[in-house]
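Structure data follow from model36.cif (mmCIF, C-alpha atoms and all ligand atoms):
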```
data_model
#
loop_
_atom_site.group_PDB
_atom_site.id
_atom_site.type_symbol
_atom_site.label_atom_id
_atom_site.label_comp_id
_atom_site.auth_asym_id
_atom_site.auth_seq_id
_atom_site.Cartn_x
_atom_site.Cartn_y
_atom_site.Cartn_z
ATOM 1 C CA MET A 81 3.070 -51.180 2.300
ATOM 2 C CA SER A 82 2.034 -49.680 5.601
ATOM 3 C CA ASP A 83 -1.430 -48.395 6.334
ATOM 4 C CA ILE A 84 -2.182 -44.906 4.938
ATOM 5 C CA TYR A 85 -2.914 -43.562 8.447
ATOM 6 C CA GLU A 86 0.547 -44.684 9.650
ATOM 7 C CA ARG A 87 2.254 -43.203 6.607
ATOM 8 C CA ILE A 88 0.526 -39.854 7.138
ATOM 9 C CA ALA A 89 1.434 -39.883 10.847
ATOM 10 C CA GLY A 90 5.080 -40.707 10.037
ATOM 11 C CA LEU A 91 5.431 -37.969 7.424
ATOM 12 C CA LYS A 92 3.668 -35.448 9.619
ATOM 13 C CA LYS A 93 6.369 -35.976 12.256
ATOM 14 C CA GLU A 94 9.197 -35.908 9.733
ATOM 15 C CA ARG A 95 7.983 -32.601 8.229
ATOM 16 C CA ASN A 96 6.985 -31.055 11.591
ATOM 17 C CA ALA A 97 3.531 -30.535 10.087
ATOM 18 C CA VAL A 98 0.177 -29.832 11.697
ATOM 19 C CA ILE A 99 -3.081 -30.928 10.056
ATOM 20 C CA LEU A 100 -6.027 -28.569 10.590
ATOM 21 C CA ALA A 101 -9.528 -29.634 9.514
ATOM 22 C CA HIS A 102 -12.927 -27.958 9.372
ATOM 23 C CA PHE A 103 -16.000 -29.606 10.969
ATOM 24 C CA TYR A 104 -17.502 -30.223 7.497
ATOM 25 C CA GLN A 105 -14.610 -32.497 6.442
ATOM 26 C CA PRO A 106 -15.217 -36.233 5.867
ATOM 27 C CA ALA A 107 -14.905 -38.511 8.930
ATOM 28 C CA GLU A 108 -11.647 -40.052 7.622
ATOM 29 C CA ILE A 109 -10.039 -36.584 7.665
ATOM 30 C CA TYR A 110 -11.149 -36.029 11.293
ATOM 31 C CA LYS A 111 -9.037 -39.117 12.148
ATOM 32 C CA ILE A 112 -5.755 -37.632 10.896
ATOM 33 C CA ALA A 113 -6.339 -34.041 12.034
ATOM 34 C CA ASP A 114 -4.460 -32.524 14.979
ATOM 35 C CA PHE A 115 -7.302 -30.077 15.383
ATOM 36 C CA VAL A 116 -10.879 -29.938 14.027
ATOM 37 C CA GLY A 117 -12.703 -26.638 14.392
ATOM 38 C CA ASP A 118 -14.699 -23.744 12.975
ATOM 39 C CA SER A 119 -13.245 -20.948 10.854
ATOM 40 C CA LEU A 120 -12.333 -18.721 13.806
ATOM 41 C CA ASP A 121 -10.654 -21.431 15.891
ATOM 42 C CA LEU A 122 -8.775 -22.725 12.864
ATOM 43 C CA SER A 123 -7.381 -19.293 12.031
ATOM 44 C CA LYS A 124 -6.250 -18.872 15.644
ATOM 45 C CA LYS A 125 -4.625 -22.321 15.607
ATOM 46 C CA ALA A 126 -2.831 -21.499 12.339
ATOM 47 C CA LYS A 127 -1.416 -18.346 13.920
ATOM 48 C CA ALA A 128 -0.369 -19.982 17.201
ATOM 49 C CA SER A 129 1.101 -23.220 15.831
ATOM 50 C CA ASP A 130 4.859 -23.788 16.056
ATOM 51 C CA ALA A 131 4.843 -26.330 13.216
ATOM 52 C CA ASP A 132 6.902 -25.588 10.077
ATOM 53 C CA VAL A 133 4.140 -26.825 7.791
ATOM 54 C CA ILE A 134 0.353 -26.411 7.879
ATOM 55 C CA VAL A 135 -1.779 -28.862 5.909
ATOM 56 C CA PHE A 136 -5.241 -27.341 5.714
ATOM 57 C CA CYS A 137 -8.180 -29.680 5.129
ATOM 58 C CA GLY A 138 -11.035 -27.330 4.338
ATOM 59 C CA VAL A 139 -11.581 -24.922 1.449
ATOM 60 C CA TYR A 140 -9.111 -22.631 -0.271
ATOM 61 C CA PHE A 141 -9.855 -19.372 1.562
ATOM 62 C CA MET A 142 -9.108 -21.132 4.879
ATOM 63 C CA ALA A 143 -5.650 -22.190 3.684
ATOM 64 C CA GLU A 144 -5.053 -18.628 2.441
ATOM 65 C CA SER A 145 -5.991 -17.251 5.865
ATOM 66 C CA ALA A 146 -3.488 -19.644 7.466
ATOM 67 C CA LYS A 147 -0.776 -18.335 5.107
ATOM 68 C CA ILE A 148 -1.726 -14.695 5.809
ATOM 69 C CA LEU A 149 -1.529 -15.251 9.571
ATOM 70 C CA SER A 150 1.623 -17.406 9.430
ATOM 71 C CA PRO A 151 3.547 -16.202 6.369
ATOM 72 C CA GLU A 152 6.795 -17.826 7.546
ATOM 73 C CA LYS A 153 5.213 -21.304 7.363
ATOM 74 C CA LYS A 154 4.660 -23.506 4.361
ATOM 75 C CA VAL A 155 0.892 -23.904 3.901
ATOM 76 C CA PHE A 156 -0.773 -26.545 1.736
ATOM 77 C CA ILE A 157 -4.318 -27.469 0.818
ATOM 78 C CA PRO A 158 -4.258 -31.103 -0.327
ATOM 79 C CA ASN A 159 -6.730 -30.464 -3.175
ATOM 80 C CA LYS A 160 -6.569 -27.008 -4.733
ATOM 81 C CA LEU A 161 -9.952 -27.550 -6.414
ATOM 82 C CA ALA A 162 -11.615 -27.332 -2.995
ATOM 83 C CA GLY A 163 -12.830 -23.735 -3.331
ATOM 84 C CA CYS A 164 -15.726 -21.898 -1.705
ATOM 85 C CA PRO A 165 -18.272 -20.697 -4.304
ATOM 86 C CA MET A 166 -19.376 -17.832 -2.033
ATOM 87 C CA ALA A 167 -15.764 -16.578 -1.787
ATOM 88 C CA ASP A 168 -15.538 -16.717 -5.599
ATOM 89 C CA MET A 169 -18.666 -14.552 -6.064
ATOM 90 C CA ILE A 170 -16.953 -11.284 -5.080
ATOM 91 C CA HIS A 171 -14.001 -9.489 -6.722
ATOM 92 C CA PRO A 172 -11.820 -6.772 -5.114
ATOM 93 C CA TYR A 173 -13.298 -4.382 -7.685
ATOM 94 C CA ASP A 174 -16.773 -4.926 -6.122
ATOM 95 C CA VAL A 175 -15.376 -3.788 -2.763
ATOM 96 C CA LYS A 176 -13.956 -0.607 -4.313
ATOM 97 C CA LYS A 177 -17.325 0.145 -5.930
ATOM 98 C CA LEU A 178 -19.200 -0.312 -2.635
ATOM 99 C CA ARG A 179 -16.695 1.945 -0.826
ATOM 100 C CA ALA A 180 -17.099 4.653 -3.436
ATOM 101 C CA ALA A 181 -20.900 4.471 -3.070
ATOM 102 C CA HIS A 182 -20.768 4.577 0.775
ATOM 103 C CA PRO A 183 -17.679 6.593 1.768
ATOM 104 C CA ASN A 184 -18.571 6.752 5.503
ATOM 105 C CA ALA A 185 -19.037 3.017 5.897
ATOM 106 C CA VAL A 186 -16.582 0.481 7.291
ATOM 107 C CA VAL A 187 -16.038 -2.695 5.225
ATOM 108 C CA VAL A 188 -16.682 -5.856 7.264
ATOM 109 C CA THR A 189 -15.717 -8.973 5.329
ATOM 110 C CA TYR A 190 -16.758 -12.513 6.169
ATOM 111 C CA VAL A 191 -13.648 -14.725 6.136
ATOM 112 C CA ASN A 192 -15.287 -16.745 3.332
ATOM 113 C CA SER A 193 -13.561 -14.476 0.809
ATOM 114 C CA SER A 194 -10.315 -14.379 -1.170
ATOM 115 C CA ALA A 195 -7.083 -12.894 0.190
ATOM 116 C CA GLU A 196 -7.425 -10.080 -2.366
ATOM 117 C CA VAL A 197 -10.900 -9.158 -1.095
ATOM 118 C CA LYS A 198 -9.660 -9.258 2.520
ATOM 119 C CA ALA A 199 -6.859 -6.922 1.445
ATOM 120 C CA GLU A 200 -9.475 -4.349 0.337
ATOM 121 C CA SER A 201 -11.376 -4.607 3.633
ATOM 122 C CA ASP A 202 -11.195 -2.911 7.041
ATOM 123 C CA ILE A 203 -11.937 -5.879 9.275
ATOM 124 C CA CYS A 204 -12.848 -9.547 8.869
ATOM 125 C CA CYS A 205 -15.424 -11.559 10.793
ATOM 126 C CA THR A 206 -16.582 -15.154 11.077
ATOM 127 C CA SER A 207 -20.059 -16.413 11.827
ATOM 128 C CA SER A 208 -19.125 -16.786 15.508
ATOM 129 C CA ASN A 209 -17.981 -13.213 16.104
ATOM 130 C CA ALA A 210 -19.850 -11.138 13.459
ATOM 131 C CA VAL A 211 -22.620 -9.743 15.707
ATOM 132 C CA ARG A 212 -20.296 -8.839 18.601
ATOM 133 C CA LEU A 213 -17.717 -7.326 16.318
ATOM 134 C CA VAL A 214 -20.158 -5.184 14.276
ATOM 135 C CA LYS A 215 -21.789 -3.928 17.499
ATOM 136 C CA GLY A 216 -18.367 -2.825 18.766
ATOM 137 C CA LEU A 217 -17.404 -0.776 15.682
ATOM 138 C CA LYS A 218 -17.589 2.999 16.078
ATOM 139 C CA GLU A 219 -18.955 3.489 12.531
ATOM 140 C CA LYS A 220 -22.737 3.632 12.101
ATOM 141 C CA GLU A 221 -22.674 2.456 8.464
ATOM 142 C CA ILE A 222 -21.542 -1.064 7.603
ATOM 143 C CA ILE A 223 -20.693 -2.549 4.197
ATOM 144 C CA PHE A 224 -21.118 -6.265 4.913
ATOM 145 C CA ILE A 225 -19.667 -8.654 2.294
ATOM 146 C CA PRO A 226 -19.985 -11.137 0.663
ATOM 147 C CA ASP A 227 -22.781 -13.119 2.392
ATOM 148 C CA LYS A 228 -26.191 -11.422 2.202
ATOM 149 C CA ASN A 229 -27.662 -14.046 4.572
ATOM 150 C CA LEU A 230 -25.090 -13.696 7.352
ATOM 151 C CA GLY A 231 -25.246 -9.922 6.756
ATOM 152 C CA GLY A 232 -29.041 -9.929 7.093
ATOM 153 C CA TYR A 233 -28.818 -11.962 10.283
ATOM 154 C CA VAL A 234 -26.235 -9.550 11.766
ATOM 155 C CA ALA A 235 -28.401 -6.571 10.766
ATOM 156 C CA SER A 236 -31.381 -8.178 12.556
ATOM 157 C CA GLN A 237 -29.288 -8.253 15.760
ATOM 158 C CA VAL A 238 -27.732 -4.773 15.383
ATOM 159 C CA SER A 239 -30.723 -2.571 14.544
ATOM 160 C CA GLU A 240 -28.955 0.682 15.457
ATOM 161 C CA LYS A 241 -26.686 0.550 12.356
ATOM 162 C CA THR A 242 -27.245 0.935 8.596
ATOM 163 C CA PHE A 243 -26.099 -1.948 6.389
ATOM 164 C CA TYR A 244 -25.158 -2.245 2.714
ATOM 165 C CA PHE A 245 -24.900 -5.777 1.308
ATOM 166 C CA PHE A 246 -23.363 -7.640 -1.595
ATOM 167 C CA ASP A 247 -25.476 -10.297 -3.285
ATOM 168 C CA GLY A 248 -23.296 -13.272 -2.271
ATOM 169 C CA TYR A 249 -24.438 -16.498 -0.653
ATOM 170 C CA CYS A 250 -23.457 -20.077 0.105
ATOM 171 C CA PRO A 251 -25.123 -22.342 -2.479
ATOM 172 C CA THR A 252 -25.299 -25.178 0.080
ATOM 173 C CA HIS A 253 -27.011 -23.192 2.858
ATOM 174 C CA ASN A 254 -29.023 -20.851 0.642
ATOM 175 C CA ARG A 255 -31.083 -23.664 -0.890
ATOM 176 C CA ILE A 256 -32.773 -24.500 2.432
ATOM 177 C CA THR A 257 -36.345 -23.228 2.335
ATOM 178 C CA ILE A 258 -38.914 -22.428 4.969
ATOM 179 C CA GLU A 259 -40.942 -25.364 3.534
ATOM 180 C CA ASN A 260 -38.022 -27.707 4.395
ATOM 181 C CA ILE A 261 -38.076 -26.273 7.904
ATOM 182 C CA ASN A 262 -41.849 -26.567 8.338
ATOM 183 C CA ARG A 263 -41.753 -30.192 7.154
ATOM 184 C CA ALA A 264 -38.913 -31.061 9.555
ATOM 185 C CA LYS A 265 -40.638 -29.330 12.493
ATOM 186 C CA HIS A 266 -43.869 -31.182 11.705
ATOM 187 C CA ALA A 267 -42.056 -34.536 11.513
ATOM 188 C CA TYR A 268 -40.059 -33.947 14.736
ATOM 189 C CA PRO A 269 -42.187 -31.687 16.958
ATOM 190 C CA GLU A 270 -40.045 -32.297 20.059
ATOM 191 C CA ALA A 271 -36.783 -31.310 18.355
ATOM 192 C CA GLU A 272 -35.041 -27.939 18.582
ATOM 193 C CA LEU A 273 -34.052 -26.268 15.296
ATOM 194 C CA LEU A 274 -30.398 -25.140 15.140
ATOM 195 C CA VAL A 275 -29.183 -23.358 12.001
ATOM 196 C CA HIS A 276 -26.095 -21.670 10.595
ATOM 197 C CA PRO A 277 -26.513 -17.951 9.756
ATOM 198 C CA GLU A 278 -25.629 -18.673 6.098
ATOM 199 C CA THR A 279 -29.186 -20.022 5.710
ATOM 200 C CA PRO A 280 -31.816 -17.622 4.290
ATOM 201 C CA ILE A 281 -33.037 -14.955 6.716
ATOM 202 C CA GLU A 282 -36.537 -16.443 7.084
ATOM 203 C CA VAL A 283 -34.984 -19.819 7.974
ATOM 204 C CA ALA A 284 -32.751 -18.253 10.639
ATOM 205 C CA ALA A 285 -35.788 -16.354 11.978
ATOM 206 C CA ALA A 286 -37.653 -19.658 12.468
ATOM 207 C CA ALA A 287 -34.784 -21.292 14.410
ATOM 208 C CA ASP A 288 -34.450 -21.887 18.154
ATOM 209 C CA PHE A 289 -30.732 -21.145 17.847
ATOM 210 C CA VAL A 290 -28.551 -19.518 15.152
ATOM 211 C CA GLY A 291 -24.789 -20.006 15.339
ATOM 212 C CA SER A 292 -21.504 -21.014 13.769
ATOM 213 C CA THR A 293 -20.532 -24.687 13.593
ATOM 214 C CA SER A 294 -18.739 -24.612 16.959
ATOM 215 C CA GLU A 295 -21.611 -22.673 18.560
ATOM 216 C CA ILE A 296 -24.119 -25.290 17.331
ATOM 217 C CA ILE A 297 -21.904 -28.051 18.772
ATOM 218 C CA ALA A 298 -21.611 -26.248 22.121
ATOM 219 C CA TYR A 299 -25.366 -25.605 22.196
ATOM 220 C CA VAL A 300 -26.162 -29.319 21.731
ATOM 221 C CA THR A 301 -23.602 -30.416 24.321
ATOM 222 C CA ASN A 302 -24.923 -27.982 26.935
ATOM 223 C CA SER A 303 -28.613 -28.500 26.183
ATOM 224 C CA GLU A 304 -30.923 -30.606 28.336
ATOM 225 C CA LYS A 305 -32.905 -31.414 25.174
ATOM 226 C CA ASN A 306 -32.410 -34.722 23.459
ATOM 227 C CA GLU A 307 -33.480 -34.170 19.858
ATOM 228 C CA PHE A 308 -32.338 -31.605 17.280
ATOM 229 C CA ILE A 309 -32.989 -30.569 13.673
ATOM 230 C CA ILE A 310 -29.672 -29.472 12.173
ATOM 231 C CA GLY A 311 -29.623 -26.663 9.584
ATOM 232 C CA THR A 312 -26.044 -26.767 8.396
ATOM 233 C CA GLU A 313 -23.689 -28.970 6.365
ATOM 234 C CA GLU A 314 -23.996 -32.602 7.369
ATOM 235 C CA GLY A 315 -20.263 -33.108 8.095
ATOM 236 C CA ILE A 316 -20.980 -31.533 11.482
ATOM 237 C CA LEU A 317 -22.855 -34.751 12.439
ATOM 238 C CA THR A 318 -19.517 -36.566 12.903
ATOM 239 C CA LYS A 319 -18.653 -34.248 15.787
ATOM 240 C CA LEU A 320 -22.209 -33.920 17.141
ATOM 241 C CA LYS A 321 -22.674 -37.693 17.323
ATOM 242 C CA SER A 322 -19.257 -38.463 18.789
ATOM 243 C CA ASP A 323 -19.679 -35.822 21.531
ATOM 244 C CA ASN A 324 -23.358 -36.691 22.172
ATOM 245 C CA PRO A 325 -23.848 -40.390 21.435
ATOM 246 C CA HIS A 326 -27.260 -40.555 23.149
ATOM 247 C CA LYS A 327 -28.823 -37.533 21.446
ATOM 248 C CA ILE A 328 -30.891 -37.690 18.234
ATOM 249 C CA PHE A 329 -30.178 -35.602 15.136
ATOM 250 C CA HIS A 330 -32.277 -34.986 12.009
ATOM 251 C CA MET A 331 -31.054 -32.971 9.032
ATOM 252 C CA ALA A 332 -33.296 -30.000 8.130
ATOM 253 C CA ALA A 333 -33.193 -31.088 4.478
ATOM 254 C CA GLY A 334 -31.798 -33.947 2.425
ATOM 255 C CA ASN A 335 -28.474 -33.681 0.622
ATOM 256 C CA PHE A 336 -27.226 -30.841 2.861
ATOM 257 C CA ILE A 337 -23.693 -31.231 1.547
ATOM 258 C CA CYS A 338 -20.945 -28.814 0.482
ATOM 259 C CA PRO A 339 -19.280 -30.726 -2.393
ATOM 260 C CA ASN A 340 -16.109 -28.667 -2.011
ATOM 261 C CA MET A 341 -15.695 -29.655 1.636
ATOM 262 C CA LYS A 342 -15.683 -33.303 0.507
ATOM 263 C CA LYS A 343 -12.925 -33.004 -2.110
ATOM 264 C CA ILE A 344 -9.903 -33.739 0.076
ATOM 265 C CA THR A 345 -9.083 -37.432 0.484
ATOM 266 C CA LEU A 346 -6.521 -39.278 2.618
ATOM 267 C CA ALA A 347 -4.590 -39.968 -0.590
ATOM 268 C CA ASP A 348 -4.420 -36.207 -1.274
ATOM 269 C CA VAL A 349 -3.043 -35.576 2.224
ATOM 270 C CA LEU A 350 -0.453 -38.338 1.852
ATOM 271 C CA TYR A 351 0.597 -37.006 -1.565
ATOM 272 C CA THR A 352 0.963 -33.468 -0.177
ATOM 273 C CA LEU A 353 3.110 -34.609 2.750
ATOM 274 C CA GLU A 354 5.249 -36.773 0.471
ATOM 275 C CA THR A 355 5.856 -34.251 -2.300
ATOM 276 C CA MET A 356 5.361 -30.854 -0.575
ATOM 277 C CA ASP A 357 4.247 -29.738 -4.035
ATOM 278 C CA ASP A 358 1.982 -26.822 -4.804
ATOM 279 C CA GLU A 359 2.295 -24.580 -1.754
ATOM 280 C CA VAL A 360 -0.233 -21.760 -1.151
ATOM 281 C CA ILE A 361 1.618 -18.657 -2.373
ATOM 282 C CA LEU A 362 0.452 -15.053 -1.899
ATOM 283 C CA SER A 363 2.284 -11.827 -2.675
ATOM 284 C CA GLU A 364 3.865 -9.938 0.246
ATOM 285 C CA LYS A 365 1.650 -6.946 -0.477
ATOM 286 C CA ILE A 366 -1.566 -8.991 -0.296
ATOM 287 C CA ILE A 367 -0.388 -10.778 2.862
ATOM 288 C CA GLU A 368 0.367 -7.474 4.576
ATOM 289 C CA LYS A 369 -2.945 -5.826 3.652
ATOM 290 C CA ALA A 370 -5.121 -8.902 4.307
ATOM 291 C CA ALA A 371 -3.319 -9.527 7.628
ATOM 292 C CA ASN A 372 -4.495 -6.101 8.876
ATOM 293 C CA SER A 373 -8.146 -7.149 8.446
ATOM 294 C CA LEU A 374 -7.651 -10.627 9.901
ATOM 295 C CA GLU A 375 -5.473 -9.508 12.840
ATOM 296 C CA ARG A 376 -7.948 -6.748 13.673
ATOM 297 C CA MET A 377 -10.683 -9.424 13.869
ATOM 298 C CA ILE A 378 -8.593 -11.703 16.094
ATOM 299 C CA LYS A 379 -7.759 -8.837 18.477
ATOM 300 C CA ALA A 380 -11.369 -7.496 18.630
HETATM 301 P P1 LIG B 401 -18.012 -21.807 10.542
HETATM 302 O O1 LIG B 401 -17.192 -20.592 10.718
HETATM 303 O O2 LIG B 401 -19.292 -21.769 11.304
HETATM 304 O O3 LIG B 401 -17.227 -23.030 10.834
HETATM 305 O O4 LIG B 401 -18.495 -21.882 9.014
HETATM 306 C C1 LIG B 401 -17.635 -21.970 7.930
HETATM 307 C C2 LIG B 401 -18.357 -22.216 6.677
HETATM 308 O O5 LIG B 401 -17.805 -22.262 5.625
HETATM 309 C C3 LIG B 401 -19.793 -22.369 6.758
HETATM 310 O O6 LIG B 401 -20.304 -22.696 5.527
HETATM 311 FE FE1 LIG B 402 -18.422 -22.143 1.127
HETATM 312 FE FE2 LIG B 402 -20.897 -22.881 1.741
HETATM 313 FE FE3 LIG B 402 -19.067 -24.728 1.412
HETATM 314 FE FE4 LIG B 402 -19.025 -23.114 3.571
HETATM 315 S S1 LIG B 402 -20.552 -24.635 3.047
HETATM 316 S S2 LIG B 402 -17.286 -23.674 2.295
HETATM 317 S S3 LIG B 402 -19.738 -21.207 2.642
HETATM 318 S S4 LIG B 402 -19.809 -23.315 -0.157
#
```

Let me see the structure of the file written as structure tokens.
Ligand code: 13P
Ligand code: SF4
Amino acid sequence: MSDIYERIAGLKKERNAVILAHFYQPAEIYKIADFVGDSLDLSKKAKASDADVIVFCGVYFMAESAKILSPEKKVFIPNKLAGCPMADMIHPYDVKKLRAAHPNAVVVTYVNSSAEVKAESDICCTSSNAVRLVKGLKEKEIIFIPDKNLGGYVASQVSEKTFYFFDGYCPTHNRITIENINRAKHAYPEAELLVHPETPIEVAAAADFVGSTSEIIAYVTNSEKNEFIIGTEEGILTKLKSDNPHKIFHMAAGNFICPNMKKITLADVLYTLETMDDEVILSEKIIEKAANSLERMIKA
């Protein structure tokens, strides 16, 4: 029996499939991916790809976004149990309630949300474009969902607007405390602290740099500094270390892991490519409505 990497490569060709992976995926998934990126880059790749099949190694909302942006393609996530708990915290009904309470506000939805919630929204954002995009909106009132931490960070950068939040958060990033940060800074006084905006607001406020996964990677690569404390999911270390083999990285806290991002295995990918079972399916109505919010983000 041939090596699993060869079998995946062979089937990928046969199916005209592209494998997209998020930076938090396990190192073995990086090896089979055609492209590894952050949420924004991955959604753009999904839209631009001329493959017939997209195999998405990430969490469920990412595969849904790929389907929304490329409805003519077959989209698969190799393990359907790989969800995002933050995306699951908010229901479309919550969006309707917030709209009714704030009729003049525009609904800005972090892509870490279900297709149904995107369908109820005006525009999507990711952690790399949220500040720029909110600044550019003509509305003065913003309903920012579902992440209260990213929302709070955006509000701190866009003081001229009024924000209404939903009480959602990422369980992996939200558990980082200012005590974790103080301990890490004390242990590594020469290091710069780089965090994802899904961390609590006081953690982001203590950082030298706040950014999405790809922004953190770019910051490290362009920095003259040699040592960094990393405040995001530890899968990012695979990319940071391979791009910067001589730089030193410390995690801001132990066990900084998103269990859902670790669910997809090589065996799952092989099984998906072999069977083409269990495609991501969304109704035409949801695709059309959610595409408006996602396309508006991509064009902004
Ligand atoms: P990025 O958009 O920064 O890649 O983040 C995605 C994510 O799920 C962070 O938890
Ligand atoms: Fe969701 Fe957090 Fe995991 Fe990102 S790290 S996929 S926000 S649970």

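Excluding A:Thr189 itself and same-chain residues fewer than 6 positions from it, the residues having an atom within 10 Å of it are Val175, Val197, Lys198, Ala199, Glu200, Ser201, Asp202, Ile203, Cys204, Cys205, Thr206, Ala210, Ile223, Phe224, Ile225, Pro226, Asp227, Gly231, Ser373, Leu374 and Met377 of chain A, counting all atoms listed in the file.
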
Quick one: residues within 7 Å of (-29.1, -23.3, 14.3) (file frame), counting only C-alpha atoms, please, as a PDB file with C-alpha atoms, in the frame of the given file.
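Result written to part-v4.pdb:
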```pdb
ATOM      1  CA  LEU A 273     -34.052 -26.268  15.296  1.00  0.00           C
ATOM      2  CA  LEU A 274     -30.398 -25.140  15.140  1.00  0.00           C
ATOM      3  CA  VAL A 275     -29.183 -23.358  12.001  1.00  0.00           C
ATOM      4  CA  HIS A 276     -26.095 -21.670  10.595  1.00  0.00           C
ATOM      5  CA  ALA A 287     -34.784 -21.292  14.410  1.00  0.00           C
ATOM      6  CA  ASP A 288     -34.450 -21.887  18.154  1.00  0.00           C
ATOM      7  CA  PHE A 289     -30.732 -21.145  17.847  1.00  0.00           C
ATOM      8  CA  VAL A 290     -28.551 -19.518  15.152  1.00  0.00           C
ATOM      9  CA  GLY A 291     -24.789 -20.006  15.339  1.00  0.00           C
ATOM     10  CA  ILE A 296     -24.119 -25.290  17.331  1.00  0.00           C
ATOM     11  CA  ILE A 310     -29.672 -29.472  12.173  1.00  0.00           C
ATOM     12  CA  GLY A 311     -29.623 -26.663   9.584  1.00  0.00           C
TER      13      GLY A 311
END
```

| task | Using all atoms listed in the file, find each residue with an atom at most 7 Å away from ligand LIG 401 (chain B) and format the answer as a PyMOL selection string. | result | chain A and resi 102-103+117-120+192+206-208+250+276+278+292-294

I'd like a table as JSON lines: residues in chain A with an atom no more than 9 Å from ligand LIG 402 (chain B), each row giving the shortest atom pair and its distance in Å to one decimal, all atoms listed in the file counted, sorted by chain and rising residue number.
```
{"residue": "A:Tyr104", "atom": "CA", "partner": "B:LIG402", "partner_atom": "S1", "distance": 7.8}
{"residue": "A:Gly138", "atom": "CA", "partner": "B:LIG402", "partner_atom": "S2", "distance": 7.5}
{"residue": "A:Val139", "atom": "CA", "partner": "B:LIG402", "partner_atom": "S2", "distance": 5.9}
{"residue": "A:Tyr140", "atom": "CA", "partner": "B:LIG402", "partner_atom": "S2", "distance": 8.6}
{"residue": "A:Phe141", "atom": "CA", "partner": "B:LIG402", "partner_atom": "S2", "distance": 8.6}
{"residue": "A:Met142", "atom": "CA", "partner": "B:LIG402", "partner_atom": "S2", "distance": 8.9}
{"residue": "A:Ala162", "atom": "CA", "partner": "B:LIG402", "partner_atom": "S2", "distance": 8.6}
{"residue": "A:Gly163", "atom": "CA", "partner": "B:LIG402", "partner_atom": "S2", "distance": 7.2}
{"residue": "A:Cys164", "atom": "CA", "partner": "B:LIG402", "partner_atom": "FE1", "distance": 3.9}
{"residue": "A:Pro165", "atom": "CA", "partner": "B:LIG402", "partner_atom": "S4", "distance": 5.1}
{"residue": "A:Met166", "atom": "CA", "partner": "B:LIG402", "partner_atom": "FE1", "distance": 5.4}
{"residue": "A:Ala167", "atom": "CA", "partner": "B:LIG402", "partner_atom": "FE1", "distance": 6.8}
{"residue": "A:Asn192", "atom": "CA", "partner": "B:LIG402", "partner_atom": "S3", "distance": 6.3}
{"residue": "A:Asp227", "atom": "CA", "partner": "B:LIG402", "partner_atom": "S3", "distance": 8.6}
{"residue": "A:Tyr249", "atom": "CA", "partner": "B:LIG402", "partner_atom": "S3", "distance": 7.4}
{"residue": "A:Cys250", "atom": "CA", "partner": "B:LIG402", "partner_atom": "FE2", "distance": 4.1}
{"residue": "A:Pro251", "atom": "CA", "partner": "B:LIG402", "partner_atom": "S4", "distance": 5.9}
{"residue": "A:Thr252", "atom": "CA", "partner": "B:LIG402", "partner_atom": "FE2", "distance": 5.2}
{"residue": "A:His253", "atom": "CA", "partner": "B:LIG402", "partner_atom": "FE2", "distance": 6.2}
{"residue": "A:Asn254", "atom": "CA", "partner": "B:LIG402", "partner_atom": "FE2", "distance": 8.4}
{"residue": "A:Glu278", "atom": "CA", "partner": "B:LIG402", "partner_atom": "S3", "distance": 7.3}
{"residue": "A:Thr312", "atom": "CA", "partner": "B:LIG402", "partner_atom": "S1", "distance": 8.0}
{"residue": "A:Glu313", "atom": "CA", "partner": "B:LIG402", "partner_atom": "S1", "distance": 6.3}
{"residue": "A:Ile337", "atom": "CA", "partner": "B:LIG402", "partner_atom": "S1", "distance": 7.5}
{"residue": "A:Cys338", "atom": "CA", "partner": "B:LIG402", "partner_atom": "FE3", "distance": 4.6}
{"residue": "A:Pro339", "atom": "CA", "partner": "B:LIG402", "partner_atom": "FE3", "distance": 7.1}
{"residue": "A:Asn340", "atom": "CA", "partner": "B:LIG402", "partner_atom": "FE3", "distance": 6.0}
{"residue": "A:Met341", "atom": "CA", "partner": "B:LIG402", "partner_atom": "FE3", "distance": 6.0}
```

| task | Convert the output of the PyMOL selection byres (((chain A and resi 124) around 10) and not hetatm) on the shown file into explicit residues, formatted as a list in words. | result |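 Those residues are Ser119, Leu120, Asp121, Leu122, Ser123, Lys125, Ala126, Lys127, Ala128, Ser129, Ser145, Ala146, Leu149, Glu375 and Ile378 of chain A.
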
| query | Of the candidates A:Ala143, A:Ala370, A:Ala284, A:Ile261, which shows the shortest atom-to-atom distance to A:His330, using all atoms listed in the file? | reply |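 Going through A:Ala143, A:Ala370, A:Ala284, A:Ile261 one by one, the smallest distance to A:His330 is for A:Ile261.
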
| message | Just checking: using only C-alpha atoms, which residue out of A:Cys137, A:Ile222, A:Ile84, A:Ala380 ends up closest to A:His182? | response |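 The answer is A:Ile222, which sits nearest to A:His182.
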
| query | Counting all atoms listed in the file, which of A:Ser303, A:Asn184, A:Thr345, A:Ser363 gets nearest to A:Ala101? | reply | A:Thr345

| request: Excluding A:Val133 and residues on its chain fewer than 6 positions from it, collect all residues at most 6 Å away from it, counting only C-alpha atoms, and give them as a PyMOL selection string. | output: chain A and resi 97+153-155

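Neighbours of A:Arg263 closer than or equal to 10 Å, with all atoms listed in the file counted and sequence neighbours fewer than 6 positions away skipped, come out as Pro269, Ala332 and Ala333 of chain A.
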
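For the pair atom CA of A:Ile361 and atom CA of A:Asp132, the interatomic distance is 15.2 Å.
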
| message | Taking (-3.7, -33.4, 4.1) as a centre in this file's frame and 9 Å as the limit, can you find every polymer residue with an atom that close, using all atoms listed in the file, and give them as a PyMOL selection string? | response | chain A and resi 88+99-101+109+112-113+134-137+156-159+344-353
